[in-house]
Structures are given as structure tokens and as C-alpha cells.
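Participant: Once you've had a glance at the structure underneath, I'll fire off some questions.
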Amino acid sequence: MYPQENKSRAILSLDGIWRFRLNKGEAEKEQWEKNSFTGYENIYVPAAYNDQREDAEFRLHQGTAYYEREFTVPKFFDGQRLMLRFDAVTHDAKVWLDGEYLCSHKGGFLPFEAEITDRVELGKTVRLTVCVDNTINRRSLPVGSESGNSFMGSDNAGVPAVEQAKQWRRPMNLPNFDFFNYAGIQRHVRIYSTPKSYIENIILVPGVEGKDGIVKYTVVTGGKSLVEASDAFAASAGDSQVSVKILDAKNNIVATAKGAQGTIRIPDAKLWEPYPGTPYLYRCEVTYGEDEYTEEFGIRTVEVKGTKVLINNKPFYFKGFGKHEDSYIRGRGTDNCLNVKDVGLLHWIGANSFRTSHYPYAEEMYRLCDKEGIVIIDETPAVGMGTADYVPYNKEFNMKDYHVQVLKDMISRDCNHPCVIMWSLGNEPSTDEKPALAYDYWRELYDVAHAVDPQSRPVTLVCCQNNYERDLVTRSMDVVCINRYYGWYNLSGDLDAACYAWNIELDFWEKQNKPVMVSEYGADTIEGLHGTVGE
């Protein structure tokens with residue numbers, strides 16, 4: 001769950017200036033994790049490290065780099081359970097405390113954490129060391145090429161990610177994607193505390209019956225049980241230790257419940273409506289022993305009927321973008337000011353949605369979109385996948401297993417957000433070269449998404465410009481999302497032919513009787529307007 005401060009929980013932020021070194025082979029020899037490294041530079045967290053120096057080595061570095069800082073947990077945290085949480089480290093991370101290994105994590109866009117209650121002495125300074133690895137290959141998401149050529153072609157001048165690999169003169173590790181491979185500790189680092197008996201997770205499934213809101217809830221508890229319980233959900237005897245209150249926007253209690261699982265009815269409920277409607281939010285306040293946690297949520301329904309996506313049983317027309325977490329200096333680092341600006345721009349242009357191309361975004365953006373009524377298509381970092389990735393790489397690594405875990409982690413993190421109304425399994429994979437093999441791979445992921453999402457939201461896969469008649473995957477999704485660049489990548493410069501081909505394709509998708517969304521389109525252009533405020 002997202003770290004929260006209240007009467008039972010506290011947060012110690014580790015954001016700020018850290019010591020930093022690029023590893024050029026010295027780390028292993030000098031054992032930087034065990035011995036505080038010298039010759040460091042100061043760097044800010046959270047942010048990518050690439051643009052924090054005017055140095056090609058920072059911009060183009062490939063491989064590992066090390067972060068280090070000290071922290072002290074105050075003595076008034078005594079008796080609390082302590083968790084060290086990284087919101088995201090790109091792409092892989094290893095963590096040590098005072099030279100002793102703590103944990104590792106694979107994947108650069110989702111959080112991970114480790115308990116440090118017994119690993120730190122309150123009031124004593126502790127050294128925290130983090131090794132980050134920006135390597136991309138056939139065992140990473142997003143995917144990198146190991147053949148010496150990216151799917152775009154290694155001579156694709158001007159594409160930043162390709163240019164990065166070319167300039168560094170490493171034929172391996174070429175990106176199979178056309179956005180820059182920003183790396184580092186790019187989201188918040190925090191220590192948060194809970195009581196020893198704690199709320200581990202809250203799962204909310206909203207619905208509507210007549211004028212009433214219906215909320216099915218599950219509270220997962222952990223730690224030292226207050227009473228004997230038979231399973232992870234503190235069922236039977238443990239039920240009485242969990243209390244639930246639903247509060248409206250004016251802080252009025254509108255419903256209550258007891259027990260770790262149940263259904264709550266909210267009379268005359270106000271629905272969460274996308275912009276320009278009112279994105280009304282309730283609060284679910286859960287208590288378990290000394291612990292408490294409050295989760296904001298909205299009451300809304302999502303379903304697909306025929307060619308329409310329905311939110312609250314009304315057709316929803318997606319107007320928006322595929323965007324990036326990308327800003328000057330910070331790279332892909334968390335920037336709440338930029339989030340506010342981006343949502344303001346969405347409102348300004350009359351948009352109501354975006355796709356998290358091409359990875360899960362920082363949690364702060366989803367929480368903001370809950371409040372602002374912006375609809376999100378939540379996407380895994382599976383971009384650039386070819387047919388070779390559909391079979392096990394070797395005995396030690398199977399991409400499908402890893403992809404499934406990333407999908408599950410993303411859904412687990414984001415399932416309570418009303419703004420999230422669809423899951424995207426990935427962006428522009430090869431689905432027409434070996435159609436049957438591709439179908440088997442992606443269909444399993446589709447089934448997993450529906451199985452693990454408590455709300456069973458619609459599922460999609462974003463299709464590249466391909467032979468859509470051979471593609472068995474895209475038509476099998478709940479919603480058809482297609483990236484199309486007629487007149488640019490396809491039939492370049494021949495606009496009459498492009499329009500003709502586009503109309504033929506639209507006739508094909510009409511026969512599938514599913515919602516169809518153009519998730520990317522466009523053509524090369526010249527530089528123009530870069531400001532939004534008039535004179």
C-alpha cells in the first residue's frame with residue numbers, strides 16, 4: 001500500500017542528495033557495498049542520473065552505478081515495524097545496509113520494500129547502499145536487442161535510445177523502444193512504520209444497485225495476530241478485530257462494517273464520473289488493533305458492450321494521449337509539479353484520458369487523476385517484444401513468467417484507483433509473424449489480468465502497424481487499440497494511398513464488433529508552437 005502518515009504510522013523520507021558513482025569495473029574489486037566508496041559525486045533522488053551532469057558518461061552510461069547515503073531512525077520509533085520502500089529503481093536493484101545484503105528487485109517501474117526492524121538500531125546512523133543496473137536485453141522489460149540491431153534498425157538516426165547505444169559503441173544492449181533509457185533511483189525512497197500487528201492490504205470492489213453504491217472489501221492483516229486466525233485474511237475469529245468506516249467528501253460516516261471481508265451498502269451514493277463530470281471520492285477507513293489506514297476510492301462501473309466502453313453504464317469516448325514521464329533534468333524522475341501541469345494541460349485541451357505509455361507511472365499521478373477525473377489505461381513495460389521472447393530464454397529465465405509477475409504487481413498496486421479503467425498488457429509486440437505462438441503468449445496474460453483484478457476491468461494490447469489480418473491477438477482483446485502511422489512509417493508521403501489503406505483497415509475492425517481505439521497516430525512534423533500561455 002502507498003505509504004501513509006496517521007496516528008499509527010509515520011514516514012521518514014530518504015529523498016535528497018546521495019553520493020553516487022558510475023561503475024566502470026571498480027565496484028566489484030573494491031566492494032563498494034561493504035566499503036563506503038570515494039571519488040563520488042553528489043546526485044539528487046528521486047531523478048534519473050543521466051542529465052544531472054553535463055557529461056557524456058552520465059548520459060550514455062550502460063551497466064551498474066552505485067548510490068549511498070546515511071540515515072538515522074529516531075528512537076521514538078521504538079516498538080514499531082519498520083519498512084524500507086523504493087517506489088521504483090530502474091531497472092534492477094540490489095540493496096545493502098552497513099555492508100550487509102538486504103534485498104534485490106528486478107524491474108524499473110514498480111515498488112519494492114523490505115523490513116528493516118531488526119536490521120537497524122534506533123538512534124544509530126546506518127549506511128544505505130544501492131546498486132542500480134540499466135541493462136536492457138531479452139530478460140528485461142522493456143526489451144533490448146542482443147543481436148546487435150534493434151527492431152528499429154541500429155542506423156535509425158535521431159532516435160535517442162538508439163543514438164545512446166550507438167555512441168557508446170556497444171552492439172549489445174540496443175533498445176527495442178524509441179524513448180530514452182533513463183535510469184537510477186527515479187521515485188521516492190522512504191522508511192515507513194506500522195504497529196507490529198498491521199494492515200497489509202485493502203482491496204475494494206465498487207458496484208451500483210439502483211441508487212445505492214455497493215463496495216465489496218477485503219482487508220489483509222499481518223504481523224503478530226491479536227487472536228488466533230486460520231488464514232492470511234484473518235477470517236473467522238480474527239474478523240472482529242477489523243473495523244471499516246466509509247466517509248463521504250464532507251467527512252460524514254455513511255456506512256460501517258466489521259470483519260476482514262464483507263459488502264457495504266452506501267445509500268444514494270454519488271458516483272465517480274470522468275472529467276468533465278464530478279470525480280466524487282469516498283474514504284474507506286480501516287482499523288485493526290492499533291493500526292489504521294485510509295484508502296480513497298470512487299464508486300463507478302466499467303464494462304464493454306459491443307463496440308462501446310461503458311463507465312457507469314454510459315458510453316465513454318477516450319480523448320487523450322499516450323504520454324511519458326519525462327522532463328528536463330529529472331528524466332523519468334517523480335515530479336508532482338509536472339504531474340499537476342500535465343493534468344492541467346489535459347483539461348486545457350479538452351482531453352479526458354491517457355495511456356501510461358509504456359510502463360506503470362508513479363503512484364502520485366494516479367492519486368491525482370482520481371481527484372481530477374482523468375481516465376487511465378495502465379500499461380506494463382512490455383514494449384519491443386519479438387517472437388523470440390515468447391519462448392524461454394534458457395532454463396533459468398522465462399519471459400512469460402516474469403511478464404506475468406510484473407502484470408500481477410501492477411494490478412495489485414493500482415487496483416483500487418477509480419481512474420484506472422483498463423489494463424494494457426504491452427505495446428507494439430510482434431503478433432503477426434508467428435500468429436499462433438503470439439496468441440498463446442498473450443492470451444495467458446489476458447486471462448491472468450482478468451483473474452487477478454478484483455474488478456475484472458477490460459484488458460487490451462496495443463497493436464503496432466502490422467498485418468492485422470494475420471494477427472490473432474489484437475482481435476481477442478476486450479478493446480482493440482491500434483497504433484497507426486499511415487503516410488509516415490507506412491506508405492510514406494503518399495497520402496491518397498494512406499487514406500485508402502486506412503479505410504480498408506477500418507472496415508476490417510468494424511467486423512470484429514469491438515471498441516476500436518487509435519492509441520497512437522501521427523507523422524513527422526516541423527518545430528512549431530512550444531508554449532501554451534497567450535500574449
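Identifiers for the C-alpha cells are assigned positionally: chains receive A, B, ... in sequence, residues are indexed from 1 per chain, and ligands are indexed from 1 in the order shown.
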When DSSP is applied to the backbone of this structure, which of stretch 295-360 of chain A are assigned strand (DSSP E or B)? Write them out as an MDAnalysis selection string.

Facilitator: chainID A and resid 295:297 302:305 308:311 314:315 320:322 327 331 353:355

Participant: Keeping only N, CA, C and O atoms, write the selected residues as a PDB file, in the first residue's frame.

Facilitator:
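Final output, saved to again09.pdb:
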ATOM      1  N   GLU A 295      -8.094   4.582   2.704  1.00  0.00           N
ATOM      2  CA  GLU A 295      -7.961   4.448   1.252  1.00  0.00           C
ATOM      3  C   GLU A 295      -9.073   5.230   0.569  1.00  0.00           C
ATOM      4  O   GLU A 295     -10.266   5.010   0.824  1.00  0.00           O
ATOM      5  N   GLU A 296      -8.686   6.179  -0.309  1.00  0.00           N
ATOM      6  CA  GLU A 296      -9.681   6.875  -1.116  1.00  0.00           C
ATOM      7  C   GLU A 296     -10.141   5.966  -2.249  1.00  0.00           C
ATOM      8  O   GLU A 296      -9.357   5.201  -2.803  1.00  0.00           O
ATOM      9  N   PHE A 297     -11.416   6.065  -2.603  1.00  0.00           N
ATOM     10  CA  PHE A 297     -11.928   5.259  -3.700  1.00  0.00           C
ATOM     11  C   PHE A 297     -13.145   5.944  -4.314  1.00  0.00           C
ATOM     12  O   PHE A 297     -13.731   6.850  -3.728  1.00  0.00           O
ATOM     13  N   VAL A 302     -17.330  -0.265 -14.834  1.00  0.00           N
ATOM     14  CA  VAL A 302     -16.688  -0.277 -16.147  1.00  0.00           C
ATOM     15  C   VAL A 302     -17.033  -1.596 -16.825  1.00  0.00           C
ATOM     16  O   VAL A 302     -16.907  -2.666 -16.221  1.00  0.00           O
ATOM     17  N   GLU A 303     -17.464  -1.535 -18.067  1.00  0.00           N
ATOM     18  CA  GLU A 303     -17.714  -2.751 -18.831  1.00  0.00           C
ATOM     19  C   GLU A 303     -17.659  -2.446 -20.318  1.00  0.00           C
ATOM     20  O   GLU A 303     -17.723  -1.288 -20.748  1.00  0.00           O
ATOM     21  N   VAL A 304     -17.524  -3.499 -21.103  1.00  0.00           N
ATOM     22  CA  VAL A 304     -17.543  -3.405 -22.553  1.00  0.00           C
ATOM     23  C   VAL A 304     -18.792  -4.099 -23.056  1.00  0.00           C
ATOM     24  O   VAL A 304     -19.072  -5.249 -22.692  1.00  0.00           O
ATOM     25  N   LYS A 305     -19.568  -3.388 -23.864  1.00  0.00           N
ATOM     26  CA  LYS A 305     -20.742  -3.960 -24.511  1.00  0.00           C
ATOM     27  C   LYS A 305     -20.676  -3.652 -25.999  1.00  0.00           C
ATOM     28  O   LYS A 305     -20.735  -2.474 -26.399  1.00  0.00           O
ATOM     29  N   LYS A 308     -18.800  -0.521 -27.515  1.00  0.00           N
ATOM     30  CA  LYS A 308     -18.711   0.609 -26.597  1.00  0.00           C
ATOM     31  C   LYS A 308     -18.040   0.218 -25.286  1.00  0.00           C
ATOM     32  O   LYS A 308     -18.211  -0.890 -24.788  1.00  0.00           O
ATOM     33  N   VAL A 309     -17.268   1.165 -24.742  1.00  0.00           N
ATOM     34  CA  VAL A 309     -16.789   1.086 -23.369  1.00  0.00           C
ATOM     35  C   VAL A 309     -17.729   1.927 -22.519  1.00  0.00           C
ATOM     36  O   VAL A 309     -17.956   3.106 -22.810  1.00  0.00           O
ATOM     37  N   LEU A 310     -18.272   1.317 -21.470  1.00  0.00           N
ATOM     38  CA  LEU A 310     -19.249   1.998 -20.631  1.00  0.00           C
ATOM     39  C   LEU A 310     -18.658   2.277 -19.257  1.00  0.00           C
ATOM     40  O   LEU A 310     -18.100   1.382 -18.618  1.00  0.00           O
ATOM     41  N   ILE A 311     -18.760   3.511 -18.812  1.00  0.00           N
ATOM     42  CA  ILE A 311     -18.447   3.889 -17.436  1.00  0.00           C
ATOM     43  C   ILE A 311     -19.749   4.346 -16.802  1.00  0.00           C
ATOM     44  O   ILE A 311     -20.403   5.249 -17.311  1.00  0.00           O
ATOM     45  N   LYS A 314     -22.699   4.392 -19.135  1.00  0.00           N
ATOM     46  CA  LYS A 314     -22.775   5.420 -20.171  1.00  0.00           C
ATOM     47  C   LYS A 314     -21.560   5.290 -21.088  1.00  0.00           C
ATOM     48  O   LYS A 314     -20.441   5.069 -20.611  1.00  0.00           O
ATOM     49  N   PRO A 315     -21.747   5.424 -22.416  1.00  0.00           N
ATOM     50  CA  PRO A 315     -20.615   5.301 -23.345  1.00  0.00           C
ATOM     51  C   PRO A 315     -19.539   6.339 -23.029  1.00  0.00           C
ATOM     52  O   PRO A 315     -19.841   7.515 -22.792  1.00  0.00           O
ATOM     53  N   GLY A 320      -7.526  11.715 -25.569  1.00  0.00           N
ATOM     54  CA  GLY A 320      -6.310  11.904 -24.793  1.00  0.00           C
ATOM     55  C   GLY A 320      -5.071  11.466 -25.523  1.00  0.00           C
ATOM     56  O   GLY A 320      -5.005  11.541 -26.751  1.00  0.00           O
ATOM     57  N   PHE A 321      -4.098  10.956 -24.775  1.00  0.00           N
ATOM     58  CA  PHE A 321      -2.759  10.755 -25.310  1.00  0.00           C
ATOM     59  C   PHE A 321      -2.115   9.499 -24.743  1.00  0.00           C
ATOM     60  O   PHE A 321      -2.530   8.973 -23.714  1.00  0.00           O
ATOM     61  N   GLY A 322      -1.075   9.058 -25.418  1.00  0.00           N
ATOM     62  CA  GLY A 322      -0.067   8.223 -24.801  1.00  0.00           C
ATOM     63  C   GLY A 322       1.056   9.170 -24.403  1.00  0.00           C
ATOM     64  O   GLY A 322       1.604   9.871 -25.246  1.00  0.00           O
ATOM     65  N   SER A 327      10.998  14.661 -18.167  1.00  0.00           N
ATOM     66  CA  SER A 327      11.124  16.103 -18.014  1.00  0.00           C
ATOM     67  C   SER A 327      12.591  16.495 -18.003  1.00  0.00           C
ATOM     68  O   SER A 327      13.478  15.669 -17.755  1.00  0.00           O
ATOM     69  N   GLY A 331      14.677  13.681 -15.965  1.00  0.00           N
ATOM     70  CA  GLY A 331      14.465  12.497 -16.774  1.00  0.00           C
ATOM     71  C   GLY A 331      13.105  11.904 -16.469  1.00  0.00           C
ATOM     72  O   GLY A 331      12.080  12.573 -16.609  1.00  0.00           O
ATOM     73  N   SER A 353      -8.344  11.503 -20.794  1.00  0.00           N
ATOM     74  CA  SER A 353      -7.698  10.214 -20.537  1.00  0.00           C
ATOM     75  C   SER A 353      -6.282  10.202 -21.081  1.00  0.00           C
ATOM     76  O   SER A 353      -5.907  11.042 -21.902  1.00  0.00           O
ATOM     77  N   PHE A 354      -5.495   9.213 -20.619  1.00  0.00           N
ATOM     78  CA  PHE A 354      -4.200   8.935 -21.231  1.00  0.00           C
ATOM     79  C   PHE A 354      -3.824   7.494 -20.963  1.00  0.00           C
ATOM     80  O   PHE A 354      -4.378   6.829 -20.082  1.00  0.00           O
ATOM     81  N   ARG A 355      -2.876   7.004 -21.768  1.00  0.00           N
ATOM     82  CA  ARG A 355      -2.300   5.683 -21.575  1.00  0.00           C
ATOM     83  C   ARG A 355      -0.915   5.850 -20.981  1.00  0.00           C
ATOM     84  O   ARG A 355      -0.160   6.727 -21.401  1.00  0.00           O
TER      85      ARG A 355
END

Participant: Could you list, as a CSV table (one decimal) with N, CA, C and O atoms, in the first residue's frame, every residue within 8 Å of A:Asn201, counting only C-alpha atoms and ignoring same-chain residues fewer than 3 positions away?

Facilitator:
chain,number,residue,atom,x,y,z
A,1,MET,N,0.8,-1.2,0.0
A,1,MET,CA,0.0,0.0,0.0
A,1,MET,C,0.9,1.2,0.0
A,1,MET,O,2.0,1.2,0.5
A,219,VAL,N,-9.8,-7.0,3.7
A,219,VAL,CA,-8.7,-6.5,4.5
A,219,VAL,C,-7.7,-7.6,4.8
A,219,VAL,O,-8.1,-8.6,5.5
A,220,VAL,N,-6.5,-7.5,4.4
A,220,VAL,CA,-5.4,-8.5,4.7
A,220,VAL,C,-4.6,-7.9,5.8
A,220,VAL,O,-4.1,-6.8,5.7
A,221,THR,N,-4.4,-8.7,6.9
A,221,THR,CA,-3.7,-8.3,8.0
A,221,THR,C,-2.4,-9.1,8.2
A,221,THR,O,-2.3,-10.2,7.6

Participant: Can you tell me, as a PyMOL selection string, what residues are no more than 12 Å from A:Glu379 when counting only C-alpha atoms, ignoring any on the same chain fewer than 4 positions away?

Facilitator: chain A and resi 109-110+141-142+322-324+354-361+383+403+406-411+414+420-428+449+459-462

Participant: Select from stretch 56-216 of chain A everything DSSP, run on the backbone, classes as alpha helix (DSSP H), then give the selection as a list in words.

Facilitator: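 Assigned to alpha helix (DSSP H), within stretch 56-216 of chain A: Ala56, Glu57, Phe58, Arg59, Leu60, Pro160, Ala161, Val162, Glu163, Gln164, Ala165, Lys166 and Gln167 of chain A.
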
Participant: I'd like to know which of A:Trp18, A:Phe37, A:Trp32, A:Tyr282 is closest to A:Val254, using only C-alpha atoms.

Facilitator: A:Tyr282

Participant: Quick one: everything within 8 Å of A:Tyr293, counting only C-alpha atoms, minus sequence neighbours fewer than 4 positions away in the same chain. Send it as a ChimeraX atom specification.

Facilitator: /A:4,6,199,285-287

Participant: So that I can check the surroundings of A:Leu84, please list as an NGL selection string every protein, DNA and RNA residue that reaches within 8 Å of it, counting only C-alpha atoms and ignoring chain neighbours fewer than 6 positions away.

Facilitator: :A and (113-116 or 189-192)

Participant: Which one of A:Gly277, A:Ile17, A:Pro392, A:Asp291 sits closest to A:Gly222 if you count only C-alpha atoms?

Facilitator: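 Nearest to A:Gly222: A:Asp291.
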
Participant: Check the smallest atom-to-atom distance from each of A:Ala255, A:Val130, A:Cys464, A:Ile329 to A:Pro429 using only C-alpha atoms, then report the winner.

Facilitator: A:Cys464

Participant: Just want the 7 Å neighbourhood of A:Thr256, counted on only C-alpha atoms, with same-chain residues fewer than 2 positions away dropped. Output as an NGL selection string.

Facilitator: :A and (244-246)

Participant: Could those selected residues go to a file with N, CA and C atoms, as a PDB file, in the first residue's frame?

Facilitator:
ATOM      1  N   VAL A 244     -14.407  -1.186   9.711  1.00  0.00           N
ATOM      2  CA  VAL A 244     -14.393  -0.413   8.470  1.00  0.00           C
ATOM      3  C   VAL A 244     -15.427   0.705   8.565  1.00  0.00           C
ATOM      4  N   LYS A 245     -15.005   1.916   8.204  1.00  0.00           N
ATOM      5  CA  LYS A 245     -15.924   3.048   8.113  1.00  0.00           C
ATOM      6  C   LYS A 245     -15.787   3.681   6.731  1.00  0.00           C
ATOM      7  N   ILE A 246     -16.912   4.062   6.136  1.00  0.00           N
ATOM      8  CA  ILE A 246     -16.915   4.783   4.866  1.00  0.00           C
ATOM      9  C   ILE A 246     -17.319   6.217   5.144  1.00  0.00           C
TER      10      ILE A 246
END

Participant: Show me, as an MDAnalysis selection string, the residues that have an atom within 9 Å of A:Lys124 when counting only C-alpha atoms, minus same-chain residues fewer than 4 positions from it.

Facilitator: chainID A and resid 71:75 120

Participant: Which residues of stretch 304-390 of chain A sit at most 8 Å from stretch 176-187 of chain A, using only C-alpha atoms? Give each one's shortest atom pair and distance in Å (one decimal place), in chain and ascending residue order, as a Markdown table.

Facilitator:
| residue | atom | partner | partner_atom | distance |
| --- | --- | --- | --- | --- |
| A:Gly331 | CA | A:Tyr182 | CA | 6.2 |
| A:Arg332 | CA | A:Tyr182 | CA | 6.3 |
| A:Gly333 | CA | A:Gln186 | CA | 4.3 |
| A:Thr334 | CA | A:Arg187 | CA | 5.2 |
| A:Ala362 | CA | A:Arg187 | CA | 7.1 |
| A:Val383 | CA | A:Phe177 | CA | 6.6 |
| A:Gly384 | CA | A:Asn176 | CA | 4.7 |
| A:Met385 | CA | A:Asn176 | CA | 7.6 |

Participant: Out of A:Gly344, A:Gly107, A:Pro195, A:Pro454, which residue has the shortest atom-to-atom distance to A:Ile374 when counting only C-alpha atoms?

Facilitator: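 Result for the nearest residue to A:Ile374: A:Gly344.
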
Participant: Atom CA of A:Pro279 and atom CA of A:Val208, how far apart in Å?

Facilitator: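 Atom CA of A:Pro279 lies 15.5 Å from atom CA of A:Val208.
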
Participant: Record the distance separating atom CA of A:Gln465 and atom CA of A:Arg484, expressed in Å with one decimal.

Facilitator: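 Going from atom CA of A:Gln465 over to atom CA of A:Arg484, I get 5.6 Å.
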
Participant: Could you check the closest approach to A:Ala249 for each of A:Arg265, A:Arg119, A:Arg300, A:Lys270 and tell me which residue wins, using only C-alpha atoms?

Facilitator: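 The shortest atom-to-atom distance to A:Ala249 comes from A:Lys270.
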